[in-house]
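Novice: Enclosed is the structure file work-v4.cif (mmCIF, C-alpha atoms).
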data_structure
#
loop_
_atom_site.label_atom_id
_atom_site.label_comp_id
_atom_site.auth_asym_id
_atom_site.auth_seq_id
_atom_site.Cartn_x
_atom_site.Cartn_y
_atom_site.Cartn_z
CA MET W 196 41.69 -35.37 39.15
CA ARG W 197 42.70 -38.31 37.06
CA LEU W 198 44.52 -37.78 33.79
CA PRO W 199 41.78 -39.28 31.55
CA SER W 200 39.16 -37.04 33.17
CA LEU W 201 41.42 -34.00 32.74
CA LEU W 202 42.00 -34.83 29.04
CA SER W 203 38.26 -35.30 28.48
CA ALA W 204 37.49 -31.94 30.09
CA MET W 205 40.16 -30.19 27.97
CA ALA W 206 38.84 -31.83 24.78
CA LEU W 207 35.30 -30.74 25.66
CA LEU W 208 36.42 -27.14 26.22
CA ALA W 209 38.36 -27.16 22.95
CA LEU W 210 35.39 -28.44 20.94
CA THR W 211 32.71 -26.23 22.52
CA PRO W 212 33.49 -22.96 20.61
CA GLY W 213 33.55 -24.81 17.28
CA ARG W 214 30.29 -26.58 18.09
CA LEU W 215 28.65 -23.25 19.06
CA ARG W 216 29.84 -21.65 15.79
CA ALA W 217 28.44 -24.61 13.83
CA GLU W 218 25.08 -24.32 15.61
CA GLU W 219 25.00 -20.56 14.89
CA ALA W 220 25.74 -21.20 11.22
CA GLN W 221 22.97 -23.81 11.04
CA GLY W 222 20.57 -21.33 12.63
CA GLU W 223 21.50 -18.68 10.03
CA VAL W 224 20.97 -21.19 7.21
CA ARG W 225 17.57 -22.13 8.64
CA ALA W 226 16.62 -18.45 8.94
CA LYS W 227 17.61 -17.84 5.31
CA ALA W 228 15.74 -20.94 4.12
CA GLU W 229 12.47 -19.95 5.81
CA PRO W 230 10.32 -17.85 3.45
CA ALA W 231 9.60 -14.26 4.41
CA PRO W 232 6.05 -13.77 5.73
CA THR W 233 3.52 -12.53 3.17
CA PRO W 234 2.66 -8.88 3.80
CA ARG W 235 -0.91 -8.45 5.06
CA ASN W 236 -2.33 -5.36 3.37
CA PHE W 237 -5.39 -3.95 5.17
CA GLY W 238 -5.87 -0.93 2.92
CA ASN W 239 -4.14 1.22 0.35
CA LEU W 240 -4.54 4.41 -1.67
CA ARG W 241 -3.17 4.39 -5.21
CA VAL W 242 -2.82 6.81 -8.14
CA GLY W 243 -2.47 5.81 -11.79
CA GLY W 244 -4.13 5.79 -15.16
CA SER W 245 -6.83 3.89 -17.04
CA THR W 246 -7.59 3.45 -20.72
CA ALA W 247 -11.30 3.97 -19.93
CA ASN W 248 -10.90 7.63 -18.99
CA GLY W 249 -10.84 10.36 -21.62
CA ASN W 250 -10.50 13.39 -19.34
CA GLY W 251 -6.72 13.24 -18.87
CA ARG W 252 -7.01 13.11 -15.09
CA PRO W 253 -5.29 10.51 -12.91
CA GLU W 254 -7.31 7.60 -11.60
CA LEU W 255 -7.54 7.32 -7.81
CA CYS W 256 -8.17 3.96 -6.11
CA LEU W 257 -9.04 3.25 -2.49
CA GLU W 258 -8.87 -0.44 -1.53
CA LEU W 259 -9.86 -2.03 1.80
CA SER W 260 -9.26 -5.66 2.73
CA PRO W 261 -11.43 -7.01 5.58
CA VAL W 262 -9.89 -10.48 5.19
CA SER W 263 -6.52 -11.43 3.71
CA PHE W 264 -7.89 -13.00 0.50
CA LEU W 265 -10.73 -10.55 -0.26
CA SER W 266 -10.79 -6.80 -0.79
CA VAL W 267 -13.16 -4.13 -2.10
CA GLU W 268 -12.13 -1.05 -4.01
CA GLY W 269 -13.43 2.02 -5.77
CA CYS W 270 -11.52 3.66 -8.62
CA GLY W 271 -12.25 6.82 -10.59
CA THR W 272 -11.04 10.32 -11.34
CA GLY W 273 -13.20 11.89 -8.62
CA SER W 274 -15.80 13.36 -10.96
CA GLY W 275 -18.60 15.04 -9.02
CA PHE W 276 -16.39 15.08 -5.93
CA LEU W 277 -12.95 16.46 -6.84
CA HIS W 278 -13.89 18.05 -10.17
CA GLY W 279 -16.80 18.64 -12.55
CA ASP W 280 -15.02 17.78 -15.79
CA PRO W 281 -17.65 16.65 -18.36
CA GLU W 282 -15.21 14.52 -20.38
CA PRO W 283 -15.78 10.72 -20.55
CA GLU W 284 -14.88 8.80 -17.42
CA VAL W 285 -15.49 5.31 -16.03
CA ALA W 286 -15.65 4.60 -12.30
CA HIS W 287 -15.12 1.04 -11.04
CA PHE W 288 -16.51 -0.51 -7.84
CA ARG W 289 -15.38 -4.12 -7.42
CA ALA W 290 -14.50 -6.96 -5.10
CA LYS W 291 -11.13 -8.66 -5.62
CA LEU W 292 -10.48 -12.30 -4.76
CA ARG W 293 -6.79 -13.12 -4.27
CA LEU W 294 -5.83 -16.41 -5.92
CA LEU W 295 -2.20 -16.90 -4.90
CA SER W 296 0.66 -15.12 -3.17
CA PHE W 297 4.30 -15.75 -3.99
CA ASP W 298 7.68 -14.14 -3.42
CA ALA W 299 9.30 -12.42 -6.41
CA GLU W 300 12.92 -13.28 -5.52
CA GLY W 301 13.54 -10.49 -3.06
CA TRP W 302 11.67 -7.81 -5.04
CA GLY W 303 8.41 -8.21 -3.15
CA THR W 304 5.24 -10.28 -3.26
CA LEU W 305 3.03 -10.88 -6.30
CA GLN W 306 -0.67 -11.65 -5.88
CA PRO W 307 -2.88 -12.49 -8.89
CA PHE W 308 -6.60 -11.87 -8.38
CA LEU W 309 -10.06 -12.06 -9.95
CA ALA W 310 -12.33 -9.02 -9.81
CA ALA W 311 -16.11 -8.55 -10.12
CA GLY W 312 -18.33 -5.55 -9.60
CA MET W 313 -19.83 -2.69 -11.55
CA ALA W 314 -18.66 0.12 -13.78
CA GLU W 315 -20.32 3.50 -14.23
CA ALA W 316 -19.66 5.25 -17.54
CA GLN W 317 -20.34 8.94 -17.83
CA VAL W 318 -19.99 11.34 -20.77
CA GLY W 319 -20.98 14.53 -18.97
CA GLU W 320 -20.97 16.10 -15.51
CA ASP W 321 -21.80 13.36 -13.05
CA ASP W 322 -25.07 13.15 -11.12
CA PRO W 323 -25.42 11.18 -7.84
CA GLY W 324 -26.57 7.57 -8.00
CA PHE W 325 -26.25 4.62 -10.38
CA GLN W 326 -28.42 3.87 -13.41
CA PHE W 327 -28.69 0.09 -14.05
CA ASN W 328 -31.96 0.09 -16.01
CA GLY W 329 -31.12 2.79 -18.52
CA THR W 330 -29.49 6.20 -18.34
CA ASP W 331 -30.00 9.17 -16.06
CA ALA W 332 -32.43 11.93 -17.06
CA ARG W 333 -29.75 13.88 -18.93
CA ARG W 334 -28.49 10.69 -20.63
CA VAL W 335 -24.89 11.24 -19.49
CA SER W 336 -24.33 8.14 -17.33
CA THR W 337 -25.17 4.44 -17.14
CA THR W 338 -24.01 1.49 -15.03
CA GLY W 339 -23.38 -2.20 -15.71
CA PRO W 340 -21.57 -5.29 -14.42
CA GLU W 341 -17.82 -5.74 -14.81
CA MET W 342 -15.39 -8.65 -14.54
CA GLY W 343 -11.60 -8.56 -14.53
CA VAL W 344 -8.26 -10.09 -13.67
CA GLY W 345 -5.25 -8.42 -12.18
CA LEU W 346 -1.91 -8.58 -10.42
CA ARG W 347 -0.99 -6.85 -7.17
CA PHE W 348 2.61 -6.10 -6.13
CA LEU W 349 3.54 -5.55 -2.47
CA ARG W 350 6.93 -4.44 -1.18
CA PRO W 351 7.43 -3.76 2.54
CA LEU W 352 8.67 -0.26 3.35
CA ALA W 353 8.92 0.61 7.06
CA SER W 354 6.76 0.60 10.18
CA GLY W 355 4.15 -1.76 8.68
CA PHE W 356 3.65 0.18 5.43
CA GLU W 357 3.97 -1.28 1.92
CA LEU W 358 4.48 0.00 -1.59
CA VAL W 359 1.48 -1.28 -3.57
CA GLY W 360 1.25 -1.67 -7.34
CA ASP W 361 -1.86 -2.87 -9.15
CA PHE W 362 -2.37 -3.88 -12.79
CA ASN W 363 -5.94 -4.63 -13.80
CA LEU W 364 -7.67 -5.78 -17.01
CA GLY W 365 -11.46 -5.50 -17.05
CA MET W 366 -14.49 -5.84 -19.27
CA ALA W 367 -17.74 -4.02 -18.48
CA TRP W 368 -21.13 -4.69 -20.07
CA LEU W 369 -23.10 -1.46 -20.43
CA PRO W 370 -26.27 -2.34 -22.37
CA HIS W 371 -27.57 1.26 -22.33
CA ALA W 372 -24.29 2.96 -23.33
CA PRO W 373 -25.47 3.47 -26.97
CA GLU W 374 -28.34 5.61 -25.56
CA LEU W 375 -26.01 8.21 -24.02
CA VAL W 376 -25.79 11.70 -25.55
CA LYS W 377 -22.34 10.66 -26.73
CA PRO W 378 -23.05 7.01 -27.63
CA GLN W 379 -20.58 4.46 -26.30
CA ASP W 380 -20.02 0.78 -27.06
CA THR W 381 -21.98 -1.81 -25.10
CA TRP W 382 -18.76 -3.67 -24.21
CA LEU W 383 -16.11 -1.52 -22.54
CA PRO W 384 -12.64 -3.03 -22.07
CA SER W 385 -10.17 -1.28 -19.80
CA ALA W 386 -6.62 -1.58 -18.54
CA SER W 387 -5.31 0.29 -15.53
CA LEU W 388 -2.02 0.63 -13.68
CA SER W 389 -1.65 2.35 -10.32
CA PHE W 390 0.84 2.68 -7.48
CA GLY W 391 0.48 3.85 -3.91
CA VAL W 392 1.06 3.13 -0.24
CA GLY W 393 -0.78 0.74 2.03
CA PHE W 394 -0.59 -0.62 5.55
#
Now that the file is in, can you turn its structure into structure tokens?
Specialist:
Amino acid sequence: MRLPSLLSAMALLALTPGRLRAEEAQGEVRAKAEPAPTPRNFGNLRVGGSTANGNGRPELCLELSPVSFLSVEGCGTGSGFLHGDPEPEVAHFRAKLRLLSFDAEGWGTLQPFLAAGMAEAQVGEDDPGFQFNGTDARRVSTTGPEMGVGLRFLRPLASGFELVGDFNLGMAWLPHAPELVKPQDTWLPSASLSFGVGF
């Protein structure tokens, strides 16, 4: 082997480990620069509270998301199902349209949304069904449209599960609420906060 070829081979061997370390470092930098994937939440169950409920019971929310940007949920204290408490309660049934999704600097993902649906106000023991054109026979419940805005928080846990937080501000229009046995306002604002686990 000629001397120049031998020197070239030795130089190549000497530079190879350094070049490999540099390529590894560049790969790590690229991995850190790439944003973490947005968690895809298919469904969650949350527990919290709402200003619309006067029975002192926690509000339960079940949310299902058939597509990544749209979900449907039902929230209430479980009146007529889990308990028969006659104190005032409002149940919410709404669709939620996700507007954005952005990383909260390592804390998790924040997702603002718009919500639209219906709210059922009751001031006595709940009867089955919804009353849009008045009140039920006992005048203890009525239903109307509701709009809202909110913010969802997602933080990955393990094995595909996420911690889910939800803050919601809503306004329901209940034109027959003054006709209830315990008259209520036609416009019903509400604020709710709940936390739970989703997948």
Novice: Nearest residue to Phe325 (chain W) out of W:Lys377, W:His287, W:Arg235, W:Arg252, using all atoms listed in the file?
Specialist: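 When distances to Phe325 (chain W) are compared using all atoms listed in the file, the smallest one comes from W:His287.
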Novice: Give the answer as one residue: which of W:Val344, W:Leu388, W:Ala372, W:Glu282 has the shortest atom-to-atom distance to Phe327 (chain W), using all atoms listed in the file?
Specialist: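 Looking at the shortest contact to Phe327 (chain W), the residue is W:Ala372.
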Novice: Quick one: pull the distance between CA of Val318 (chain W) and CA of Phe362 (chain W), Å, one decimal.
Specialist: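 Computing the Euclidean distance for CA of Val318 (chain W) and CA of Phe362 (chain W) yields 24.6 Å.
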Novice: When you look at Pro261 (chain W) with a cut-off of 9 Å (counting all atoms listed in the file), what residues show up, excluding the ones that are within fewer than 5 positions of it in the same chain? I need them as an mmCIF file with C-alpha atoms, keeping the file's coordinate frame.
Specialist:
data_model
loop_
_atom_site.group_PDB
_atom_site.id
_atom_site.type_symbol
_atom_site.label_atom_id
_atom_site.label_comp_id
_atom_site.auth_asym_id
_atom_site.auth_seq_id
_atom_site.Cartn_x
_atom_site.Cartn_y
_atom_site.Cartn_z
ATOM 1 C CA PHE W 237 -5.390 -3.950 5.170
ATOM 2 C CA GLY W 238 -5.870 -0.930 2.920
ATOM 3 C CA SER W 266 -10.790 -6.800 -0.790
ATOM 4 C CA VAL W 267 -13.160 -4.130 -2.100
#
Novice: Run the PyMOL selection byres ((chain W and resi 289-293) around 9) against the file shown and list the residues it catches, as a count of residues only.
Specialist: 27
Novice: Which one of W:Leu240, W:Val359, W:Ala299, W:Leu257 sits closest to Ala286 (chain W) if you count all atoms listed in the file?
Specialist: W:Leu257
Novice: Could you tell me which residues the PyMOL selection byres ((chain W and resi 329) around 12) grabs in this file, written as a PyMOL selection string?
Specialist: chain W and resi 315-316+325-328+330-339+369-375
Novice: Which neighbours of Arg347 (chain W) fall inside 6 Å, counting only C-alpha atoms, when residues of the same chain fewer than 3 positions from it are skipped, and could you give them as a PyMOL selection string?
Specialist: chain W and resi 305-306+360-361
Novice: Restricted to C-alpha atoms, what would the selected residues look like written as a PDB file, keeping the file's coordinate frame?
Specialist:
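Done, and the output landed in result27.pdb:
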ATOM      1  CA  LEU W 305       3.030 -10.880  -6.300  1.00  0.00           C
ATOM      2  CA  GLN W 306      -0.670 -11.650  -5.880  1.00  0.00           C
ATOM      3  CA  GLY W 360       1.250  -1.670  -7.340  1.00  0.00           C
ATOM      4  CA  ASP W 361      -1.860  -2.870  -9.150  1.00  0.00           C
TER       5      ASP W 361
END
Novice: Go through W:Glu258, W:Glu284, W:Asp380, W:Asp298 one by one, measure the shortest atom-to-atom distance of each to Leu349 (chain W) using all atoms listed in the file, and give the residue with the smallest value.
Specialist: W:Asp298
Novice: When you draw a straight line from CA of Leu364 (chain W) to CA of Pro384 (chain W), how long is it in Å?
Specialist: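 Between these atoms lies a distance of 7.6 Å.
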